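Chemist: Okay, handing you the structure first.
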Amino acid sequence: MIKNDEKFIGYIFEVAWILPSVAIPVAVITAVVLTAFAVGIRVPDVVGRIEPKAIAVTAPFDQPGLRELAPGKYEAAIVAQVFLFTPNEIEIPAGSEVTFVLTSRDVIHGFKIVGTAVNMMVVPGQISKLTVRFDQPGEYLIVCHEYCGSGHHVMSGKVIVQ
Amino acid sequence: MKLVLPAAPIPDRVPGLSRRTRAVLFSGLALGLALAALAFWFAVARPVKVLPRIAPLSAFSLEDQYGLPLSSADLRGRMVFINFTYTGCEEECAAQRASLVALRETLRVQGRLGSEVVFLTISFDPERDTREALQTYAAQLAADRNNWRFATTDPTSLKALIGGELGIYYDKPDTAGRIAHDQRVVLVDAHGMLRARYRADALDQGKLLRDIGLVQQELGSSGLMRQVYEASHLFLCYPD
């Protein structure tokens, strides 16, 4: 009788360890799937392809810069290359919604605007796109946060919100 | 020193679990694995393709070349290709016009024009594109009012619809009346959902016809097949 009880307690301990090790990954995967599909959380992904050699003749990168789509809505077409963003300074009024459309001329770059949710990779041959709203006036630093070569640390820009 | 390992007790059966419970557990596990494998295959092999549902288009109201009101609700029931231009656009828009006319002719031959697909041209130059100008333009394209309408409205609403909602840029007219603009065509389905955007200066007939086919197939589906299309949306099974 005593031996059987010990066996049973051992079994309970085993189950207590095994069950969470199954339940935790299942819970995590469920959370990821739910947020991706039901809540619609998406990582900024490829929205189009572009031939890097044809950047100079392909809209909107043939004329990189800021343009107003509608009152309070802007589109900023930015070309990244070693070691600069073109353009590297953008001025907008507070409360504006800006869609950043980027591509790279050479290697993989990063595009992060400090203090906002903008954080994406800029890959040659691909177009990256992200929309963000600037409510607080101020200067927002743009940095390349994907190591791209010897001048990586000088690759920056800014968004001036007035 | 001799290491003595205690003999591990090997239970003849898992305590607390009957044969029946074990059978249920194992078949549940097998079913779960089979479902996961099916979902994985569906997501990777993408056997059924759909056009993405980009966004529902909010309501708009325009006025066509005969002065008749044309609202977004009037466009429901058939898919519609909408292009954005102005009648003064000469050689810059020639490729766009030719492509759309060619697409219309193909659809006419296939018997889908008017019944499944219609066209709408929205002018962003309401000042110059009066009813008469739009009528002349429609006549140049030999457009039938039952399947191709030409419309415009006030500048503020146009900017909100074209620039604000669809993200298509156009500038103010310059001194010669020319307007710098993005060349875009969009496909809106029978429910008013934006399904595709194209570069209007490089339209590929094959791709357009394929997309029309995909949207129409999905619209006409029912029962289990409808659920399969929903699954394709869930797994982002979009054509390349």
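Quick note on naming: the chains in the structure tokens go A, B, ... in the order shown, residues restart at 1 in each chain, and ligands are numbered from 1 in order of appearance.
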Please report as a list in words which residues of chain B come no farther than 6 Å from chain A, using only C-alpha atoms.
Modeler: Lys159, Gly163, Gly164 and Tyr169 of chain B
Chemist: Print the selection's residues with N, CA and C atoms to a file, as a PDB file, in the first residue's frame.
Modeler:
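To be explicit, this is the file written out as again-v7.pdb:
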ATOM      1  N   LYS B 159      -9.809  64.974 -53.318  1.00  0.00           N
ATOM      2  CA  LYS B 159      -8.516  64.844 -52.630  1.00  0.00           C
ATOM      3  C   LYS B 159      -8.625  63.833 -51.491  1.00  0.00           C
ATOM      4  N   GLY B 163      -6.342  60.964 -52.765  1.00  0.00           N
ATOM      5  CA  GLY B 163      -5.082  61.125 -52.036  1.00  0.00           C
ATOM      6  C   GLY B 163      -5.147  60.511 -50.646  1.00  0.00           C
ATOM      7  N   GLY B 164      -6.191  60.898 -49.889  1.00  0.00           N
ATOM      8  CA  GLY B 164      -6.272  60.498 -48.493  1.00  0.00           C
ATOM      9  C   GLY B 164      -6.528  59.022 -48.318  1.00  0.00           C
ATOM     10  N   TYR B 169      -1.199  60.140 -55.421  1.00  0.00           N
ATOM     11  CA  TYR B 169      -0.826  61.543 -55.411  1.00  0.00           C
ATOM     12  C   TYR B 169      -1.190  62.240 -56.718  1.00  0.00           C
TER      13      TYR B 169
END
Chemist: Name all residues at most 9 Å from B:Glu116 (count only C-alpha atoms; drop same-chain ones fewer than 4 positions away) and give them as a PyMOL selection string.
Modeler: chain B and resi 77-80+111-112+190+212+216
Chemist: Please produce a file of the residues just selected, as a PDB file, in the first residue's frame, where the atoms kept are N, CA and C atoms.
Modeler:
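File out-v3.pdb, as written:
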ATOM      1  N   GLY B  77     -22.178  45.041 -56.563  1.00  0.00           N
ATOM      2  CA  GLY B  77     -22.774  43.976 -57.363  1.00  0.00           C
ATOM      3  C   GLY B  77     -21.892  43.531 -58.514  1.00  0.00           C
ATOM      4  N   ARG B  78     -20.998  44.416 -58.961  1.00  0.00           N
ATOM      5  CA  ARG B  78     -20.065  44.039 -60.026  1.00  0.00           C
ATOM      6  C   ARG B  78     -18.700  44.573 -59.617  1.00  0.00           C
ATOM      7  N   MET B  79     -17.658  43.946 -60.108  1.00  0.00           N
ATOM      8  CA  MET B  79     -16.350  44.522 -59.773  1.00  0.00           C
ATOM      9  C   MET B  79     -16.074  45.676 -60.719  1.00  0.00           C
ATOM     10  N   VAL B  80     -15.300  46.628 -60.231  1.00  0.00           N
ATOM     11  CA  VAL B  80     -15.082  47.834 -61.022  1.00  0.00           C
ATOM     12  C   VAL B  80     -13.602  48.215 -61.039  1.00  0.00           C
ATOM     13  N   GLY B 111     -17.660  37.988 -72.777  1.00  0.00           N
ATOM     14  CA  GLY B 111     -19.024  38.150 -72.275  1.00  0.00           C
ATOM     15  C   GLY B 111     -19.106  38.548 -70.816  1.00  0.00           C
ATOM     16  N   ARG B 112     -18.017  39.106 -70.277  1.00  0.00           N
ATOM     17  CA  ARG B 112     -18.025  39.486 -68.853  1.00  0.00           C
ATOM     18  C   ARG B 112     -18.221  40.977 -68.671  1.00  0.00           C
ATOM     19  N   ALA B 190     -17.315  43.454 -55.817  1.00  0.00           N
ATOM     20  CA  ALA B 190     -18.760  43.680 -55.805  1.00  0.00           C
ATOM     21  C   ALA B 190     -19.283  44.166 -54.450  1.00  0.00           C
ATOM     22  N   ILE B 212      -9.327  39.197 -62.219  1.00  0.00           N
ATOM     23  CA  ILE B 212     -10.782  39.229 -62.390  1.00  0.00           C
ATOM     24  C   ILE B 212     -11.335  37.828 -62.139  1.00  0.00           C
ATOM     25  N   GLN B 216     -13.955  36.775 -59.179  1.00  0.00           N
ATOM     26  CA  GLN B 216     -15.254  36.252 -59.596  1.00  0.00           C
ATOM     27  C   GLN B 216     -15.495  34.854 -59.036  1.00  0.00           C
TER      28      GLN B 216
END
Chemist: Can you pull out every residue within 9 Å of A:Val154, counting only C-alpha atoms, but drop anything in the same chain fewer than 6 positions away, and send it as a PDB file with N, CA and C atoms, in the first residue's frame?
Modeler:
ATOM      1  N   PHE A  83      26.323  56.215 -47.142  1.00  0.00           N
ATOM      2  CA  PHE A  83      25.841  56.091 -45.781  1.00  0.00           C
ATOM      3  C   PHE A  83      24.881  57.238 -45.528  1.00  0.00           C
ATOM      4  N   LEU A  84      23.835  57.290 -46.334  1.00  0.00           N
ATOM      5  CA  LEU A  84      22.887  58.395 -46.153  1.00  0.00           C
ATOM      6  C   LEU A  84      21.480  58.032 -46.586  1.00  0.00           C
ATOM      7  N   VAL A 143      17.649  56.906 -37.490  1.00  0.00           N
ATOM      8  CA  VAL A 143      18.950  56.234 -37.545  1.00  0.00           C
ATOM      9  C   VAL A 143      18.867  54.964 -38.377  1.00  0.00           C
ATOM     10  N   CYS A 144      20.021  54.630 -38.954  1.00  0.00           N
ATOM     11  CA  CYS A 144      20.158  53.341 -39.613  1.00  0.00           C
ATOM     12  C   CYS A 144      20.603  52.384 -38.523  1.00  0.00           C
TER      13      CYS A 144
END
Chemist: Rounded to one decimal in Å, what is the spacing between atom CA of B:Asp125 and atom CA of B:Glu90?
Modeler: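 Computing it gives 14.0 Å between the two atoms.
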Chemist: Which polymer residues have any atom within 8 Å of an atom of A:Leu141, counting only C-alpha atoms, with same-chain residues fewer than 4 positions away left out, as a list of chain:residue names?
Modeler: A:Ile113, A:Val114, A:Ser156, A:Gly157, A:Lys158, A:Val159
Chemist: Could you save those same residues with N, CA and C atoms as a PDB file, in the first residue's frame?
Modeler:
ATOM      1  N   ILE A 113      12.925  55.462 -36.349  1.00  0.00           N
ATOM      2  CA  ILE A 113      12.698  56.828 -35.886  1.00  0.00           C
ATOM      3  C   ILE A 113      12.518  56.746 -34.382  1.00  0.00           C
ATOM      4  N   VAL A 114      13.486  57.342 -33.684  1.00  0.00           N
ATOM      5  CA  VAL A 114      13.521  57.234 -32.230  1.00  0.00           C
ATOM      6  C   VAL A 114      12.265  57.879 -31.635  1.00  0.00           C
ATOM      7  N   SER A 156      22.240  58.995 -40.668  1.00  0.00           N
ATOM      8  CA  SER A 156      21.097  59.430 -39.857  1.00  0.00           C
ATOM      9  C   SER A 156      20.323  60.527 -40.555  1.00  0.00           C
ATOM     10  N   GLY A 157      19.235  60.918 -39.964  1.00  0.00           N
ATOM     11  CA  GLY A 157      18.413  61.989 -40.493  1.00  0.00           C
ATOM     12  C   GLY A 157      17.479  62.466 -39.418  1.00  0.00           C
ATOM     13  N   LYS A 158      16.558  63.376 -39.762  1.00  0.00           N
ATOM     14  CA  LYS A 158      15.593  63.768 -38.735  1.00  0.00           C
ATOM     15  C   LYS A 158      14.254  64.172 -39.321  1.00  0.00           C
ATOM     16  N   VAL A 159      13.229  64.004 -38.484  1.00  0.00           N
ATOM     17  CA  VAL A 159      11.888  64.453 -38.817  1.00  0.00           C
ATOM     18  C   VAL A 159      11.604  65.627 -37.898  1.00  0.00           C
TER      19      VAL A 159
END
Chemist: Can you tell me which residues surround B:Gln65 at a distance of at most 9 Å, considering only C-alpha atoms, apart from same-chain residues fewer than 3 positions away, and format the answer as a ChimeraX atom specification?
Modeler: /B:68,130-135,138,149-152
Chemist: Tell me which protein, DNA and RNA residues are within 8 Å of stretch 191-199 of chain B, counting only C-alpha atoms, leaving out same-chain ones fewer than 4 positions away, and put them as a CSV table (one decimal) with N, CA and C atoms, in the first residue's frame.
Modeler:
chain,number,residue,atom,x,y,z
B,51,LEU,N,-7.3,37.1,-54.0
B,51,LEU,CA,-6.7,38.4,-54.0
B,51,LEU,C,-6.9,39.0,-52.6
B,52,PRO,N,-5.9,39.7,-52.1
B,52,PRO,CA,-6.1,40.2,-50.8
B,52,PRO,C,-7.2,41.2,-50.6
B,53,ARG,N,-7.9,41.2,-49.4
B,53,ARG,CA,-8.9,42.3,-49.2
B,53,ARG,C,-8.1,43.4,-48.5
B,54,ILE,N,-7.7,44.4,-49.3
B,54,ILE,CA,-6.8,45.5,-48.8
B,54,ILE,C,-7.6,46.3,-47.8
B,55,ALA,N,-8.7,46.9,-48.2
B,55,ALA,CA,-9.5,47.7,-47.3
B,55,ALA,C,-10.8,48.0,-47.9
B,56,PRO,N,-11.8,48.1,-47.0
B,56,PRO,CA,-13.1,48.5,-47.6
B,56,PRO,C,-13.1,50.0,-48.0
B,57,LEU,N,-13.6,50.3,-49.1
B,57,LEU,CA,-13.6,51.7,-49.6
B,57,LEU,C,-14.8,52.4,-48.9
B,72,SER,N,-20.9,55.3,-54.4
B,72,SER,CA,-20.2,54.0,-54.2
B,72,SER,C,-21.2,52.9,-54.2
B,73,ALA,N,-22.4,53.1,-53.6
B,73,ALA,CA,-23.4,52.1,-53.5
B,73,ALA,C,-23.9,51.6,-54.9
B,75,LEU,N,-22.2,51.2,-57.4
B,75,LEU,CA,-21.2,50.3,-58.0
B,75,LEU,C,-21.2,48.9,-57.4
B,76,ARG,N,-21.9,48.6,-56.4
B,76,ARG,CA,-22.0,47.3,-55.8
B,76,ARG,C,-22.6,46.3,-56.7
B,77,GLY,N,-22.2,45.0,-56.6
B,77,GLY,CA,-22.8,44.0,-57.4
B,77,GLY,C,-21.9,43.5,-58.5
B,183,GLN,N,0.3,57.3,-61.7
B,183,GLN,CA,-0.6,56.5,-62.6
B,183,GLN,C,-1.0,55.2,-61.9
B,184,ARG,N,-2.3,55.2,-61.5
B,184,ARG,CA,-2.8,54.0,-60.8
B,184,ARG,C,-4.2,53.6,-61.2
B,185,VAL,N,-4.4,52.3,-61.2
B,185,VAL,CA,-5.7,51.7,-61.4
B,185,VAL,C,-6.0,50.9,-60.2
B,186,VAL,N,-7.2,50.9,-59.7
B,186,VAL,CA,-7.5,50.0,-58.6
B,186,VAL,C,-8.7,49.1,-59.0
B,187,LEU,N,-8.7,47.9,-58.4
B,187,LEU,CA,-9.8,47.0,-58.6
B,187,LEU,C,-10.6,46.9,-57.3
B,203,LEU,N,0.2,48.2,-67.4
B,203,LEU,CA,-0.8,47.2,-67.1
B,203,LEU,C,-0.5,45.9,-67.9
Chemist: Pick out the closest residue to A:Glu89 from this set: A:Pro25, A:Gly115, A:Gly65, A:Gly110. Count only C-alpha atoms.
Modeler: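 Closest candidate: A:Gly65.
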Chemist: For atom CA of B:Val188 and atom CA of B:Phe119, determine how far apart the two atoms are, in Å to one decimal place.
Modeler: 10.2 Å
Chemist: With DSSP run on the backbone, what are the strand (DSSP E or B) residues within chain A? I'd like them as a PyMOL selection string.
Modeler: chain A and resi 46-49+65-70+73-81+84-86+89-92+96-104+109-113+119-122+124+126-134+138-143+156-161
Chemist: Work out how far atom CA of A:Leu34 is from atom CA of A:Arg133, in Å to one decimal.
Modeler: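 Pair atom CA of A:Arg133 / atom CA of A:Leu34 returns 25.4 Å.
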Chemist: My list of candidates is A:Val57, A:Ala94, A:Leu66, A:Val47. Which is closest to A:Val123 when distances are computed with only C-alpha atoms?
Modeler: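 Closest to A:Val123 of all the choices is A:Val47.
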Chemist: If you run DSSP on the backbone here, which positions in chain A get alpha helix (DSSP H)? Please write them as a PyMOL selection string.
Modeler: chain A and resi 2-33
Chemist: Can you write out the residues you just picked, keeping N, CA and C atoms, as an mmCIF file, in the first residue's frame?
Modeler:
data_model
loop_
_atom_site.group_PDB
_atom_site.id
_atom_site.type_symbol
_atom_site.label_atom_id
_atom_site.label_comp_id
_atom_site.auth_asym_id
_atom_site.auth_seq_id
_atom_site.Cartn_x
_atom_site.Cartn_y
_atom_site.Cartn_z
ATOM 1 N N ILE A 2 1.843 1.321 0.882
ATOM 2 C CA ILE A 2 2.734 2.475 0.970
ATOM 3 C C ILE A 2 3.486 2.664 -0.339
ATOM 4 N N LYS A 3 3.933 1.554 -0.937
ATOM 5 C CA LYS A 3 4.683 1.616 -2.179
ATOM 6 C C LYS A 3 3.836 2.236 -3.299
ATOM 7 N N ASN A 4 2.584 1.863 -3.358
ATOM 8 C CA ASN A 4 1.688 2.400 -4.372
ATOM 9 C C ASN A 4 1.479 3.898 -4.208
ATOM 10 N N ASP A 5 1.362 4.351 -2.963
ATOM 11 C CA ASP A 5 1.199 5.787 -2.698
ATOM 12 C C ASP A 5 2.407 6.564 -3.188
ATOM 13 N N GLU A 6 3.601 6.047 -2.920
ATOM 14 C CA GLU A 6 4.824 6.730 -3.362
ATOM 15 C C GLU A 6 4.866 6.837 -4.880
ATOM 16 N N LYS A 7 4.490 5.775 -5.518
ATOM 17 C CA LYS A 7 4.434 5.728 -6.981
ATOM 18 C C LYS A 7 3.509 6.824 -7.507
ATOM 19 N N PHE A 8 2.350 6.924 -6.826
ATOM 20 C CA PHE A 8 1.345 7.873 -7.276
ATOM 21 C C PHE A 8 1.829 9.315 -7.101
ATOM 22 N N ILE A 9 2.506 9.597 -5.969
ATOM 23 C CA ILE A 9 3.033 10.944 -5.730
ATOM 24 C C ILE A 9 4.087 11.291 -6.781
ATOM 25 N N GLY A 10 4.950 10.308 -7.089
ATOM 26 C CA GLY A 10 5.959 10.511 -8.140
ATOM 27 C C GLY A 10 5.310 10.838 -9.468
ATOM 28 N N TYR A 11 4.232 10.146 -9.738
ATOM 29 C CA TYR A 11 3.516 10.364 -10.997
ATOM 30 C C TYR A 11 2.937 11.782 -11.051
ATOM 31 N N ILE A 12 2.362 12.235 -9.925
ATOM 32 C CA ILE A 12 1.786 13.586 -9.851
ATOM 33 C C ILE A 12 2.865 14.628 -10.136
ATOM 34 N N PHE A 13 4.066 14.442 -9.526
ATOM 35 C CA PHE A 13 5.163 15.385 -9.749
ATOM 36 C C PHE A 13 5.555 15.429 -11.227
ATOM 37 N N GLU A 14 5.628 14.261 -11.813
ATOM 38 C CA GLU A 14 6.004 14.166 -13.224
ATOM 39 C C GLU A 14 5.013 14.953 -14.096
ATOM 40 N N VAL A 15 3.734 14.736 -13.842
ATOM 41 C CA VAL A 15 2.681 15.418 -14.606
ATOM 42 C C VAL A 15 2.756 16.928 -14.377
ATOM 43 N N ALA A 16 3.020 17.327 -13.136
ATOM 44 C CA ALA A 16 3.089 18.753 -12.803
ATOM 45 C C ALA A 16 4.197 19.446 -13.578
ATOM 46 N N TRP A 17 5.244 18.719 -13.934
ATOM 47 C CA TRP A 17 6.316 19.321 -14.740
ATOM 48 C C TRP A 17 6.041 19.235 -16.239
ATOM 49 N N ILE A 18 5.507 18.089 -16.652
ATOM 50 C CA ILE A 18 5.307 17.883 -18.095
ATOM 51 C C ILE A 18 4.198 18.774 -18.647
ATOM 52 N N LEU A 19 3.079 18.857 -17.929
ATOM 53 C CA LEU A 19 1.942 19.615 -18.460
ATOM 54 C C LEU A 19 2.277 21.074 -18.766
ATOM 55 N N PRO A 20 2.899 21.842 -17.820
ATOM 56 C CA PRO A 20 3.247 23.226 -18.167
ATOM 57 C C PRO A 20 4.190 23.328 -19.358
ATOM 58 N N SER A 21 5.110 22.349 -19.496
ATOM 59 C CA SER A 21 6.066 22.428 -20.614
ATOM 60 C C SER A 21 5.358 22.247 -21.951
ATOM 61 N N VAL A 22 4.176 21.661 -21.931
ATOM 62 C CA VAL A 22 3.371 21.592 -23.146
ATOM 63 C C VAL A 22 2.485 22.835 -23.228
ATOM 64 N N ALA A 23 1.896 23.207 -22.091
ATOM 65 C CA ALA A 23 0.910 24.296 -22.074
ATOM 66 C C ALA A 23 1.548 25.644 -22.432
ATOM 67 N N ILE A 24 2.791 25.879 -21.992
ATOM 68 C CA ILE A 24 3.413 27.191 -22.241
ATOM 69 C C ILE A 24 3.628 27.449 -23.737
ATOM 70 N N PRO A 25 4.288 26.526 -24.480
ATOM 71 C CA PRO A 25 4.412 26.782 -25.925
ATOM 72 C C PRO A 25 3.077 26.883 -26.634
ATOM 73 N N VAL A 26 2.095 26.054 -26.210
ATOM 74 C CA VAL A 26 0.777 26.121 -26.846
ATOM 75 C C VAL A 26 0.161 27.507 -26.616
ATOM 76 N N ALA A 27 0.286 28.036 -25.377
ATOM 77 C CA ALA A 27 -0.268 29.347 -25.067
ATOM 78 C C ALA A 27 0.426 30.429 -25.892
ATOM 79 N N VAL A 28 1.751 30.333 -26.026
ATOM 80 C CA VAL A 28 2.512 31.341 -26.770
ATOM 81 C C VAL A 28 2.133 31.327 -28.246
ATOM 82 N N ILE A 29 2.056 30.115 -28.826
ATOM 83 C CA ILE A 29 1.700 30.011 -30.249
ATOM 84 C C ILE A 29 0.286 30.546 -30.472
ATOM 85 N N THR A 30 -0.639 30.205 -29.560
ATOM 86 C CA THR A 30 -2.009 30.703 -29.689
ATOM 87 C C THR A 30 -2.020 32.233 -29.656
ATOM 88 N N ALA A 31 -1.240 32.808 -28.735
ATOM 89 C CA ALA A 31 -1.200 34.268 -28.625
ATOM 90 C C ALA A 31 -0.661 34.896 -29.907
ATOM 91 N N VAL A 32 0.384 34.305 -30.475
ATOM 92 C CA VAL A 32 0.978 34.843 -31.703
ATOM 93 C C VAL A 32 -0.018 34.769 -32.861
ATOM 94 N N VAL A 33 -0.667 33.595 -32.984
ATOM 95 C CA VAL A 33 -1.622 33.410 -34.085
ATOM 96 C C VAL A 33 -2.803 34.371 -33.920
#
Chemist: Find, counting only C-alpha atoms, the residue in A:His152, A:His109, A:His145, A:Lys53 that gets nearest to A:Val122.
Modeler: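 For A:Val122, the nearest of the given residues is A:His109.
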Chemist: Of the residues B:Ala23, B:Asn83, B:Glu165, B:Gln140, which is the one nearest to B:Ser99, using only C-alpha atoms?
Modeler: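 Among the listed residues, B:Asn83 lies closest to B:Ser99.
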